[in-house]
Structures are given as C-alpha cells and as structure tokens.
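**Q** My file is protein_2.cif. It has mmCIF, C-alpha atoms:
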```
data_start
loop_
_atom_site.group_PDB
_atom_site.id
_atom_site.type_symbol
_atom_site.label_atom_id
_atom_site.label_comp_id
_atom_site.auth_asym_id
_atom_site.auth_seq_id
_atom_site.Cartn_x
_atom_site.Cartn_y
_atom_site.Cartn_z
ATOM 1 C CA ALA A 1 66.527 -22.919 -51.755
ATOM 2 C CA VAL A 2 69.248 -24.002 -49.397
ATOM 3 C CA GLY A 3 66.902 -25.023 -46.656
ATOM 4 C CA GLU A 4 63.486 -26.436 -47.479
ATOM 5 C CA ALA A 5 61.954 -24.252 -44.806
ATOM 6 C CA CYS A 6 63.082 -21.189 -46.720
ATOM 7 C CA THR A 7 61.375 -22.054 -50.004
ATOM 8 C CA GLU A 8 58.126 -20.224 -49.299
ATOM 9 C CA LEU A 9 59.898 -17.149 -47.924
ATOM 10 C CA LYS A 10 62.119 -17.163 -50.976
ATOM 11 C CA ARG A 11 59.151 -17.399 -53.303
ATOM 12 C CA GLU A 12 57.474 -14.416 -51.690
ATOM 13 C CA TYR A 13 60.644 -12.366 -51.795
ATOM 14 C CA ASP A 14 61.431 -13.366 -55.391
ATOM 15 C CA GLN A 15 57.980 -12.300 -56.559
ATOM 16 C CA CYS A 16 58.386 -8.921 -54.924
ATOM 17 C CA PHE A 17 61.920 -8.482 -56.175
ATOM 18 C CA ASN A 18 61.210 -9.521 -59.776
ATOM 19 C CA ARG A 19 58.378 -7.029 -60.012
ATOM 20 C CA TRP A 20 60.434 -4.201 -58.554
ATOM 21 C CA PHE A 21 63.423 -5.104 -60.708
ATOM 22 C CA ALA A 22 61.489 -5.109 -63.967
ATOM 23 C CA GLU A 23 59.097 -2.248 -63.318
ATOM 24 C CA LYS A 24 61.197 0.166 -61.296
ATOM 25 C CA PHE A 25 64.868 -0.548 -61.214
ATOM 26 C CA LEU A 26 65.485 -1.166 -64.906
ATOM 27 C CA LYS A 27 63.458 1.914 -65.747
ATOM 28 C CA GLY A 28 65.711 4.028 -63.603
ATOM 29 C CA GLU A 29 63.558 4.380 -60.506
ATOM 30 C CA SER A 30 65.564 2.607 -57.889
ATOM 31 C CA ALA A 31 64.433 4.592 -54.888
ATOM 32 C CA GLY A 32 62.190 2.832 -52.439
ATOM 33 C CA ASP A 33 62.732 -0.894 -52.359
ATOM 34 C CA PRO A 34 59.430 -2.382 -51.188
ATOM 35 C CA CYS A 35 60.844 -5.805 -50.459
ATOM 36 C CA GLY A 36 62.949 -5.000 -47.392
ATOM 37 C CA GLN A 37 60.896 -6.894 -44.820
ATOM 38 C CA LEU A 38 60.394 -9.928 -47.020
ATOM 39 C CA PHE A 39 64.086 -10.019 -47.703
ATOM 40 C CA LYS A 40 65.032 -9.853 -44.034
ATOM 41 C CA ARG A 41 62.807 -12.795 -43.163
ATOM 42 C CA TYR A 42 64.088 -14.817 -46.081
ATOM 43 C CA GLN A 43 67.716 -13.926 -45.306
ATOM 44 C CA LEU A 44 67.497 -15.015 -41.684
ATOM 45 C CA CYS A 45 66.220 -18.370 -42.817
ATOM 46 C CA VAL A 46 68.957 -18.779 -45.413
ATOM 47 C CA GLN A 47 71.750 -17.792 -43.062
ATOM 48 C CA LYS A 48 70.552 -20.324 -40.541
ATOM 49 C CA ALA A 49 70.486 -23.053 -43.183
ATOM 50 C CA ILE A 50 73.978 -22.132 -44.364
ATOM 51 C CA LYS A 51 75.318 -22.349 -40.866
ATOM 52 C CA GLU A 52 73.653 -25.708 -40.320
ATOM 53 C CA LYS A 53 74.987 -27.101 -43.559
ATOM 54 C CA ASP A 54 78.402 -25.676 -42.933
ATOM 55 C CA ILE A 55 78.667 -23.962 -46.283
ATOM 56 C CA PRO A 56 81.917 -21.996 -46.469
ATOM 57 C CA ILE A 57 80.917 -18.458 -47.240
ATOM 58 C CA GLU A 58 83.239 -15.746 -46.096
ATOM 59 C CA GLY A 59 82.214 -12.467 -44.641
ATOM 60 C CA LEU A 60 78.609 -13.279 -44.106
ATOM 61 C CA GLU A 61 77.288 -11.112 -41.353
ATOM 62 C CA PHE A 62 74.824 -12.876 -39.217
ATOM 63 C CA MET A 63 72.030 -10.664 -38.149
ATOM 64 C CA GLY A 64 71.695 -10.758 -34.439
ATOM 65 C CA PRO A 65 68.296 -10.841 -32.776
ATOM 66 C CA SER A 66 66.440 -7.805 -34.030
ATOM 67 C CA LYS A 67 65.680 -5.118 -31.541
ATOM 68 C CA GLY A 68 62.113 -4.882 -32.648
ATOM 69 C CA LYS A 69 60.179 -4.641 -35.866
ATOM 70 C CA THR A 70 60.211 -1.229 -37.456
ATOM 71 C CA GLU A 71 57.045 -0.204 -39.207
ATOM 72 C CA ASN A 72 58.539 1.907 -41.932
ATOM 73 C CA SER A 73 60.894 0.482 -44.529
ATOM 74 C CA SER A 74 63.880 2.565 -45.604
ATOM 75 C CA TYR B 1 70.653 -12.456 -78.254
ATOM 76 C CA ARG B 2 68.010 -10.986 -80.501
ATOM 77 C CA HIS B 3 66.330 -9.241 -77.604
ATOM 78 C CA PRO B 4 66.820 -5.838 -76.061
ATOM 79 C CA TRP B 5 69.047 -5.591 -72.998
ATOM 80 C CA ASP B 6 66.196 -5.041 -70.511
ATOM 81 C CA THR B 7 64.521 -8.260 -71.588
ATOM 82 C CA VAL B 8 67.722 -10.264 -71.319
ATOM 83 C CA ILE B 9 68.576 -8.890 -67.901
ATOM 84 C CA LYS B 10 65.126 -9.631 -66.502
ATOM 85 C CA ALA B 11 65.537 -13.198 -67.700
ATOM 86 C CA ALA B 12 69.083 -13.457 -66.402
ATOM 87 C CA MET B 13 67.885 -12.597 -62.906
ATOM 88 C CA ARG B 14 65.360 -15.416 -63.098
ATOM 89 C CA LYS B 15 67.495 -17.890 -64.991
ATOM 90 C CA TYR B 16 67.123 -20.829 -62.604
ATOM 91 C CA PRO B 17 65.451 -23.236 -62.547
ATOM 92 C CA ASN B 18 65.314 -24.034 -66.230
ATOM 93 C CA PRO B 19 65.312 -27.249 -68.207
ATOM 94 C CA MET B 20 68.689 -26.659 -69.848
ATOM 95 C CA ASN B 21 70.656 -26.447 -66.630
ATOM 96 C CA PRO B 22 69.049 -29.215 -64.580
ATOM 97 C CA CYS B 23 72.166 -29.394 -62.449
ATOM 98 C CA VAL B 24 71.368 -26.122 -60.731
ATOM 99 C CA VAL B 25 69.054 -27.233 -57.986
ATOM 100 C CA GLY B 26 68.923 -24.147 -55.837
ATOM 101 C CA VAL B 27 69.445 -20.411 -55.937
ATOM 102 C CA ASP B 28 69.473 -18.239 -52.840
ATOM 103 C CA VAL B 29 70.096 -14.560 -52.376
ATOM 104 C CA LEU B 30 72.616 -13.936 -49.653
ATOM 105 C CA ASP B 31 72.707 -10.200 -49.927
ATOM 106 C CA ARG B 32 71.557 -7.435 -52.145
ATOM 107 C CA SER B 33 72.224 -3.713 -52.097
ATOM 108 C CA LEU B 34 72.300 -0.562 -54.138
ATOM 109 C CA ASP B 35 75.546 1.345 -54.301
ATOM 110 C CA ASN B 36 75.848 5.106 -54.465
ATOM 111 C CA GLN B 37 75.952 4.970 -58.264
ATOM 112 C CA GLY B 38 72.556 3.299 -58.371
ATOM 113 C CA ARG B 39 73.919 -0.085 -59.329
ATOM 114 C CA LEU B 40 72.350 -3.220 -57.873
ATOM 115 C CA HIS B 41 74.775 -5.667 -56.279
ATOM 116 C CA SER B 42 73.581 -9.191 -55.605
ATOM 117 C CA HIS B 43 75.428 -11.916 -53.797
ATOM 118 C CA ARG B 44 73.895 -15.316 -54.471
ATOM 119 C CA LEU B 45 74.478 -18.936 -53.634
ATOM 120 C CA LEU B 46 73.852 -21.561 -56.278
ATOM 121 C CA SER B 47 73.560 -25.238 -55.441
ATOM 122 C CA THR B 48 74.487 -27.653 -58.194
ATOM 123 C CA GLU B 49 74.387 -31.399 -58.585
ATOM 124 C CA TRP B 50 77.102 -32.392 -61.012
ATOM 125 C CA GLY B 51 76.117 -35.892 -61.953
ATOM 126 C CA LEU B 52 79.777 -36.759 -62.204
ATOM 127 C CA PRO B 53 80.555 -40.100 -63.781
ATOM 128 C CA SER B 54 81.073 -42.630 -61.026
ATOM 129 C CA ILE B 55 84.741 -43.148 -61.835
ATOM 130 C CA VAL B 56 85.404 -39.489 -61.225
ATOM 131 C CA LYS B 57 83.503 -39.694 -57.983
ATOM 132 C CA ALA B 58 85.625 -42.668 -56.921
ATOM 133 C CA ILE B 59 88.818 -40.788 -57.694
ATOM 134 C CA LEU B 60 87.670 -37.687 -55.927
ATOM 135 C CA GLY B 61 86.774 -39.918 -53.019
ATOM 136 C CA THR B 62 83.496 -38.245 -52.410
ATOM 137 C CA SER B 63 79.916 -39.349 -52.658
ATOM 138 C CA ARG B 64 78.823 -35.777 -52.137
ATOM 139 C CA THR B 65 77.989 -34.276 -55.496
ATOM 140 C CA LEU B 66 76.276 -31.156 -54.256
ATOM 141 C CA THR B 67 78.547 -28.258 -55.144
ATOM 142 C CA TYR B 68 78.086 -24.686 -54.087
ATOM 143 C CA ILE B 69 78.851 -21.681 -56.201
ATOM 144 C CA GLU B 70 79.031 -18.095 -55.094
ATOM 145 C CA GLU B 71 77.891 -15.499 -57.567
ATOM 146 C CA HIS B 72 78.309 -11.735 -57.455
ATOM 147 C CA SER B 73 76.412 -9.636 -59.931
ATOM 148 C CA VAL B 74 76.257 -5.924 -60.613
ATOM 149 C CA VAL B 75 73.503 -4.382 -62.705
ATOM 150 C CA ASP B 76 73.963 -0.824 -63.939
ATOM 151 C CA PRO B 77 70.612 0.327 -65.317
ATOM 152 C CA VAL B 78 72.021 3.609 -66.613
ATOM 153 C CA LYS B 79 75.057 2.247 -68.451
ATOM 154 C CA LYS B 80 73.047 -0.882 -69.275
ATOM 155 C CA LYS B 81 75.621 -3.369 -68.154
ATOM 156 C CA MET B 82 75.225 -6.514 -66.112
ATOM 157 C CA GLU B 83 78.271 -8.327 -64.901
ATOM 158 C CA LEU B 84 78.265 -11.686 -63.134
ATOM 159 C CA CYS B 85 81.228 -13.381 -61.537
ATOM 160 C CA SER B 86 80.975 -16.810 -60.030
ATOM 161 C CA THR B 87 83.300 -19.257 -58.396
ATOM 162 C CA ASN B 88 82.862 -22.606 -56.712
ATOM 163 C CA ILE B 89 83.270 -22.636 -52.959
ATOM 164 C CA THR B 90 83.244 -26.377 -52.487
ATOM 165 C CA LEU B 91 85.602 -28.855 -54.147
ATOM 166 C CA THR B 92 88.084 -25.996 -54.064
ATOM 167 C CA ASN B 93 90.906 -28.303 -53.075
ATOM 168 C CA LEU B 94 90.472 -30.003 -56.410
ATOM 169 C CA VAL B 95 89.325 -27.497 -58.937
ATOM 170 C CA SER B 96 88.458 -23.845 -59.273
ATOM 171 C CA VAL B 97 86.041 -22.673 -61.875
ATOM 172 C CA ASP B 98 85.792 -18.929 -62.175
ATOM 173 C CA GLU B 99 83.298 -17.581 -64.635
ATOM 174 C CA ARG B 100 82.586 -14.077 -65.764
ATOM 175 C CA LEU B 101 79.621 -12.989 -67.852
ATOM 176 C CA VAL B 102 78.894 -9.505 -69.118
ATOM 177 C CA TYR B 103 75.654 -8.482 -70.804
ATOM 178 C CA THR B 104 75.558 -5.232 -72.755
ATOM 179 C CA PRO B 105 73.363 -3.858 -75.512
ATOM 180 C CA HIS B 106 74.675 -4.530 -78.986
ATOM 181 C CA PRO B 107 76.702 -1.465 -80.003
ATOM 182 C CA GLU B 108 75.006 -1.232 -83.398
ATOM 183 C CA ASN B 109 71.535 -2.549 -82.693
ATOM 184 C CA PRO B 110 69.730 -1.760 -79.441
ATOM 185 C CA GLU B 111 67.259 -4.547 -80.111
ATOM 186 C CA LYS B 112 70.053 -7.029 -79.538
ATOM 187 C CA THR B 113 72.179 -7.895 -76.540
ATOM 188 C CA VAL B 114 75.750 -9.091 -76.415
ATOM 189 C CA LEU B 115 76.963 -11.646 -73.898
ATOM 190 C CA THR B 116 80.670 -12.033 -73.246
ATOM 191 C CA GLN B 117 81.543 -15.112 -71.281
ATOM 192 C CA GLU B 118 84.830 -16.409 -70.007
ATOM 193 C CA ALA B 119 85.811 -19.193 -67.676
ATOM 194 C CA ILE B 120 89.088 -19.961 -65.977
ATOM 195 C CA ILE B 121 89.541 -23.519 -64.856
ATOM 196 C CA THR B 122 92.302 -24.474 -62.488
ATOM 197 C CA VAL B 123 92.794 -28.083 -61.566
ATOM 198 C CA LYS B 124 94.958 -28.755 -58.571
ATOM 199 C CA GLY B 125 97.356 -31.535 -57.911
ATOM 200 C CA ILE B 126 95.736 -34.569 -59.548
ATOM 201 C CA SER B 127 97.547 -36.669 -62.118
ATOM 202 C CA LEU B 128 94.401 -36.808 -64.213
ATOM 203 C CA SER B 129 94.493 -33.041 -64.444
ATOM 204 C CA SER B 130 94.492 -32.874 -68.228
ATOM 205 C CA TYR B 131 91.537 -35.254 -68.428
ATOM 206 C CA LEU B 132 89.628 -33.280 -65.847
ATOM 207 C CA GLU B 133 90.537 -30.010 -67.513
ATOM 208 C CA SER B 134 89.175 -31.107 -70.849
ATOM 209 C CA LEU B 135 86.094 -32.598 -69.218
ATOM 210 C CA MET B 136 85.466 -29.337 -67.432
ATOM 211 C CA ALA B 137 86.192 -27.240 -70.490
ATOM 212 C CA SER B 138 83.737 -29.154 -72.648
ATOM 213 C CA THR B 139 81.151 -29.148 -69.873
ATOM 214 C CA ILE B 140 81.563 -25.434 -69.469
ATOM 215 C CA SER B 141 81.317 -24.677 -73.151
ATOM 216 C CA SER B 142 78.260 -26.866 -73.535
ATOM 217 C CA ASN B 143 76.859 -25.249 -70.413
ATOM 218 C CA ALA B 144 77.517 -21.876 -72.006
ATOM 219 C CA ARG B 145 75.443 -22.994 -74.960
ATOM 220 C CA LYS B 146 72.775 -24.339 -72.616
ATOM 221 C CA GLY B 147 72.955 -21.094 -70.696
ATOM 222 C CA ARG B 148 72.095 -19.162 -73.823
ATOM 223 C CA ASP B 149 69.261 -21.587 -74.604
ATOM 224 C CA ALA B 150 68.124 -21.277 -71.002
ATOM 225 C CA LEU B 151 67.811 -17.515 -71.247
ATOM 226 C CA GLU B 152 65.846 -17.800 -74.474
ATOM 227 C CA TRP B 153 63.548 -20.233 -72.667
ATOM 228 C CA VAL B 154 63.053 -17.874 -69.724
ATOM 229 C CA ILE B 155 62.404 -14.948 -72.082
ATOM 230 C CA SER B 156 59.699 -16.826 -73.972
ATOM 231 C CA LYS B 157 58.173 -18.008 -70.696
ATOM 232 C CA LEU B 158 58.009 -14.432 -69.423
ATOM 233 C CA ASN B 159 56.414 -13.333 -72.686
ATOM 234 C CA THR B 160 53.800 -16.094 -72.413
ATOM 235 C CA GLU B 161 52.975 -15.022 -68.852
ATOM 236 C CA LEU B 162 52.489 -11.460 -70.100
ATOM 237 C CA GLU B 163 50.226 -12.642 -72.933
ATOM 238 C CA GLU B 164 48.142 -14.763 -70.573
ATOM 239 C CA LEU B 165 47.740 -11.847 -68.201
ATOM 240 C CA LYS B 166 46.547 -9.643 -71.056
ATOM 241 C CA SER B 167 44.046 -12.192 -72.351
ATOM 242 C CA THR B 168 42.507 -12.922 -68.958
ATOM 243 C CA ARG B 169 41.946 -9.232 -68.477
ATOM 244 C CA GLU B 170 40.310 -8.777 -71.868
ATOM 245 C CA GLY B 171 38.230 -11.919 -72.037
ATOM 246 C CA MET B 172 36.380 -12.106 -68.737
ATOM 247 C CA LYS B 173 33.183 -14.041 -69.417
ATOM 248 C CA PRO B 174 30.369 -13.970 -66.916
ATOM 249 C CA ALA B 175 30.437 -17.146 -64.860
ATOM 250 C CA MET B 176 26.739 -17.709 -65.336
ATOM 251 C CA ALA B 177 27.044 -18.459 -69.042
ATOM 252 C CA ALA B 178 27.815 -22.150 -68.491
ATOM 253 C CA ALA B 179 25.225 -22.685 -65.754
ATOM 254 C CA SER B 180 22.352 -21.129 -67.645
ATOM 255 C CA THR B 181 22.363 -23.767 -70.419
ATOM 256 C CA GLU B 182 20.998 -26.381 -68.036
ATOM 257 C CA LYS B 183 17.293 -26.421 -67.391
#
```
Give the structure from the file, written as structure tokens.
**A**
Amino acid sequence: AVGEACTELKREYDQCFNRWFAEKFLKGESAGDPCGQLFKRYQLCVQKAIKEKDIPIEGLEFMGPSKGKTENSS
Amino acid sequence: YRHPWDTVIKAAMRKYPNPMNPCVVGVDVLDRSLDNQGRLHSHRLLSTEWGLPSIVKAILGTSRTLTYIEEHSVVDPVKKKMELCSTNITLTNLVSVDERLVYTPHPENPEKTVLTQEAIITVKGISLSSYLESLMASTISSNARKGRDALEWVISKLNTELEELKSTREGMKPAMAAASTEK
C-alpha cells in the first residue's frame, strides 16, 4: 500500500471486495456492494498518503470531512 | 490461458504481489464504481521498483527508482470482457509506457481465456533513446511472459486455498484425541 498506515485497512477492504467480486459480481449479481464503509476508510487513508508523497494523480477528489456516519450502505 | 474467463479475471484482480513481478511493491485502489451497464470500473495505483542498472540511474540523474503507474480497468460480467489500461505517471519526462490488456473467453472453447496485450513505449529526448527503447521493449515482453506466469501462479494459489478450506471442513477431528493418549 502507498502508506504503511493503510495496509491493514487495505487488507480488510481487499478481503471484502475479493469475496464480493468472485461470489456476486462475476455471477451477475452486482446489486448491493457490502464493502462501502471499508472502502471509504481505506480511501481516506490512501488519499492522504498520496498527498503527502506528492504523487501526481489528476482528478482525484478529496473527500472532505464527512458530515456524519450513515448507518445504511447504499 | 487454459482456464475459464471467471477464473482468470478473479486472479487478475489479485495479481499482485506475486513472485514473478517482484518489482510491483504496492497496489492501491483509488476509486471503484459500477456504471449503468453493470460494468465495474477500477482506478488503481501501482508502485514499482525498477531495479534499473546503475548506469541508467546515473544518466537519468535520479536515485529514486520508485515509479508509479495508474491503471484503469473495466470488467463486464455479462459480455465477459476485462480491459486494463495502464500508464506511468512518474518519469513521464523521460518515457511513457502505455499498456493495454484485454481478457476475453476463447471464441471456440469457453474453458480457455484469451489475453491480448499491447504496449506503446515512447522515449523522450535522450540520445540513448534507441538503447532505452530496446531495453524497455525486452523488459516489457519478458514482463508480459512473467505476467502470464504470475496469473497461473495466482490461479493455482486460489485453487489451493479452496482445497484447504474444503478439507478443514470435512476433516474436523475432536481435539481430545491427542490428549487422551497420555495417562
């Protein structure tokens, strides 16, 4: 992972994603991505690391401070 | 590949790290979304350590060998097509490597998958351009070979994990068996 701090978050997200990808998405059931929250946490960490390391990625939207945690995932 | 498309795509998503591409030291997902046709778009960042020969490093005038690559992929589970496009985002003042990979089921045999791979290398403004071009071209073609080996490796690893899962479920021995032999 780009930042060492993000490795654990990435691992958790990857596990969730790989399961969903293999068991749902490829079989044609793409509705209901269960990994939304995990991804958001992991993404925040990665975006911070990218900014710190000055990696030139265009068009990356930085998520501002979240208004509050929503219980239900989309 | 002598594997069905689903198998290859699952492996392709989990390609790194693997022993054949030791240069790829990090993979991060920058963004991921489903479009209105049900295709999965992923935007990823790959970190690579080139291990450039020191003379090349001296010419490039950099001791930094960590290169970043941006990769966009689209997986269409209905049409069974996965397309990946990647380009380097560092060292761009020297060289651009744009790669495109497309995985589709074999048109005659659904148990096989076809990979089409192309790379465009552009070297900018260095007198050693032809040397660098051929170095890059041979690295890329040997990486393409390694990439295929890497996927085979990931596929067999995934199969082993599945086998292990099955056998632990079937062969659960009571924990007391070992303890009861002592008296």
**Q** Hey, what comes out of the PyMOL selection byres ((chain A) within 8 of (chain B)) on this file? Could you write it as a PyMOL selection string?
**A** chain A and resi 1-2+10+18+21-22+25-28+30+43+46-47+55-57
**Q** Keeping only C-alpha atoms, take the residues you just selected and write them out as a PDB file, in the frame of the given file.
**A**
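Result went into selection28.pdb, see below:
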```
ATOM      1  CA  ALA A   1      66.527 -22.919 -51.755  1.00  0.00           C
ATOM      2  CA  VAL A   2      69.248 -24.002 -49.397  1.00  0.00           C
ATOM      3  CA  LYS A  10      62.119 -17.163 -50.976  1.00  0.00           C
ATOM      4  CA  ASN A  18      61.210  -9.521 -59.776  1.00  0.00           C
ATOM      5  CA  PHE A  21      63.423  -5.104 -60.708  1.00  0.00           C
ATOM      6  CA  ALA A  22      61.489  -5.109 -63.967  1.00  0.00           C
ATOM      7  CA  PHE A  25      64.868  -0.548 -61.214  1.00  0.00           C
ATOM      8  CA  LEU A  26      65.485  -1.166 -64.906  1.00  0.00           C
ATOM      9  CA  LYS A  27      63.458   1.914 -65.747  1.00  0.00           C
ATOM     10  CA  GLY A  28      65.711   4.028 -63.603  1.00  0.00           C
ATOM     11  CA  SER A  30      65.564   2.607 -57.889  1.00  0.00           C
ATOM     12  CA  GLN A  43      67.716 -13.926 -45.306  1.00  0.00           C
ATOM     13  CA  VAL A  46      68.957 -18.779 -45.413  1.00  0.00           C
ATOM     14  CA  GLN A  47      71.750 -17.792 -43.062  1.00  0.00           C
ATOM     15  CA  ILE A  55      78.667 -23.962 -46.283  1.00  0.00           C
ATOM     16  CA  PRO A  56      81.917 -21.996 -46.469  1.00  0.00           C
ATOM     17  CA  ILE A  57      80.917 -18.458 -47.240  1.00  0.00           C
TER      18      ILE A  57
END
```
**Q** Work out how far apart CA of Cys35 in chain A and CA of Phe17 in chain A are and give it in Å to one decimal.
**A**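 Rounded to one decimal, the two atoms are 6.4 Å apart.
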**Q** On this file, the PyMOL selection byres ((chain B and resi 73) around 9) gives some set of residues; write that set as a list in words.
**A**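 Applying the expression gives Leu40, His41, Ser42, His43, Arg44, Glu71, His72, Val74, Val75, Met82, Glu83, Leu84, Cys85 and Ser86 of chain B.
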**Q** For CA of Ala137 in chain B and CA of Ile120 in chain B, determine how far apart the two atoms are, in Å to one decimal place.
**A**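 Rounded to one decimal, the two atoms are 9.0 Å apart.
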**Q** Given the choices B:Leu151, B:Cys23, B:Leu66, B:Met136, which gets closest to Thr113 in chain B if the distance is worked out from all atoms listed in the file?
**A**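 Counting all atoms listed in the file, the residue closest to Thr113 in chain B is B:Leu151.
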**Q** Find the distance between CA of Ser156 in chain B and CA of Val8 in chain B and write it in Å to one decimal.
**A** 10.7 Å
**Q** List as an mmCIF file with C-alpha atoms, in the coordinates of the input the residues having at least one atom at most 8 Å from position (74.4, -8.0, -76.8) as given in the file, counting only C-alpha atoms.
**A**
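So the final result, stored in part23.cif, reads:
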```
data_model
loop_
_atom_site.group_PDB
_atom_site.id
_atom_site.type_symbol
_atom_site.label_atom_id
_atom_site.label_comp_id
_atom_site.auth_asym_id
_atom_site.auth_seq_id
_atom_site.Cartn_x
_atom_site.Cartn_y
_atom_site.Cartn_z
ATOM 1 C CA TYR B 1 70.653 -12.456 -78.254
ATOM 2 C CA ARG B 2 68.010 -10.986 -80.501
ATOM 3 C CA PRO B 4 66.820 -5.838 -76.061
ATOM 4 C CA TRP B 5 69.047 -5.591 -72.998
ATOM 5 C CA TYR B 103 75.654 -8.482 -70.804
ATOM 6 C CA THR B 104 75.558 -5.232 -72.755
ATOM 7 C CA PRO B 105 73.363 -3.858 -75.512
ATOM 8 C CA HIS B 106 74.675 -4.530 -78.986
ATOM 9 C CA PRO B 107 76.702 -1.465 -80.003
ATOM 10 C CA LYS B 112 70.053 -7.029 -79.538
ATOM 11 C CA THR B 113 72.179 -7.895 -76.540
ATOM 12 C CA VAL B 114 75.750 -9.091 -76.415
ATOM 13 C CA LEU B 115 76.963 -11.646 -73.898
#
```
**Q** Counting all atoms listed in the file, which residue out of B:Ile121, B:Thr116, B:Pro110, B:Val154 sits closest to Ser96 in chain B?
**A**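 Using all atoms listed in the file, the shortest distance to Ser96 in chain B belongs to B:Ile121.
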**Q** Taking into account all atoms listed in the file, which residue in the set B:His3, B:Asn21, B:Ala119, B:Glu164 is nearest to Asp149 in chain B?
**A** B:Asn21
**Q** Could you list the residues chosen by the PyMOL selection byres ((chain B and resi 143) around 12) in this structure as a list in words?
**A** Pro19, Met20, Asn21, Pro22, Cys23, Val24, Trp50, Glu99, Gln117, Glu118, Ala119, Leu135, Met136, Ala137, Ser138, Thr139, Ile140, Ser141, Ser142, Ala144, Arg145, Lys146, Gly147, Arg148, Asp149, Ala150 and Leu151 of chain B
**Q** Those residues with C-alpha atoms, as a PDB file, in the coordinates of the input please?
**A**
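Okay, this is what ended up in selection_34.pdb:
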```pdb
ATOM      1  CA  PRO B  19      65.312 -27.249 -68.207  1.00  0.00           C
ATOM      2  CA  MET B  20      68.689 -26.659 -69.848  1.00  0.00           C
ATOM      3  CA  ASN B  21      70.656 -26.447 -66.630  1.00  0.00           C
ATOM      4  CA  PRO B  22      69.049 -29.215 -64.580  1.00  0.00           C
ATOM      5  CA  CYS B  23      72.166 -29.394 -62.449  1.00  0.00           C
ATOM      6  CA  VAL B  24      71.368 -26.122 -60.731  1.00  0.00           C
ATOM      7  CA  TRP B  50      77.102 -32.392 -61.012  1.00  0.00           C
ATOM      8  CA  GLU B  99      83.298 -17.581 -64.635  1.00  0.00           C
ATOM      9  CA  GLN B 117      81.543 -15.112 -71.281  1.00  0.00           C
ATOM     10  CA  GLU B 118      84.830 -16.409 -70.007  1.00  0.00           C
ATOM     11  CA  ALA B 119      85.811 -19.193 -67.676  1.00  0.00           C
ATOM     12  CA  LEU B 135      86.094 -32.598 -69.218  1.00  0.00           C
ATOM     13  CA  MET B 136      85.466 -29.337 -67.432  1.00  0.00           C
ATOM     14  CA  ALA B 137      86.192 -27.240 -70.490  1.00  0.00           C
ATOM     15  CA  SER B 138      83.737 -29.154 -72.648  1.00  0.00           C
ATOM     16  CA  THR B 139      81.151 -29.148 -69.873  1.00  0.00           C
ATOM     17  CA  ILE B 140      81.563 -25.434 -69.469  1.00  0.00           C
ATOM     18  CA  SER B 141      81.317 -24.677 -73.151  1.00  0.00           C
ATOM     19  CA  SER B 142      78.260 -26.866 -73.535  1.00  0.00           C
ATOM     20  CA  ALA B 144      77.517 -21.876 -72.006  1.00  0.00           C
ATOM     21  CA  ARG B 145      75.443 -22.994 -74.960  1.00  0.00           C
ATOM     22  CA  LYS B 146      72.775 -24.339 -72.616  1.00  0.00           C
ATOM     23  CA  GLY B 147      72.955 -21.094 -70.696  1.00  0.00           C
ATOM     24  CA  ARG B 148      72.095 -19.162 -73.823  1.00  0.00           C
ATOM     25  CA  ASP B 149      69.261 -21.587 -74.604  1.00  0.00           C
ATOM     26  CA  ALA B 150      68.124 -21.277 -71.002  1.00  0.00           C
ATOM     27  CA  LEU B 151      67.811 -17.515 -71.247  1.00  0.00           C
TER      28      LEU B 151
END
```
**Q** Range 40-58 of chain A, all listed atoms, 8 Å padding on each side: what axis-aligned box centre and edge lengths in Å to one decimal come out, as lines of an AutoDock Vina configuration file?
**A**
```
center_x = 73.0
center_y = -18.5
center_z = -43.8
size_x = 36.4
size_y = 33.2
size_z = 22.9
```
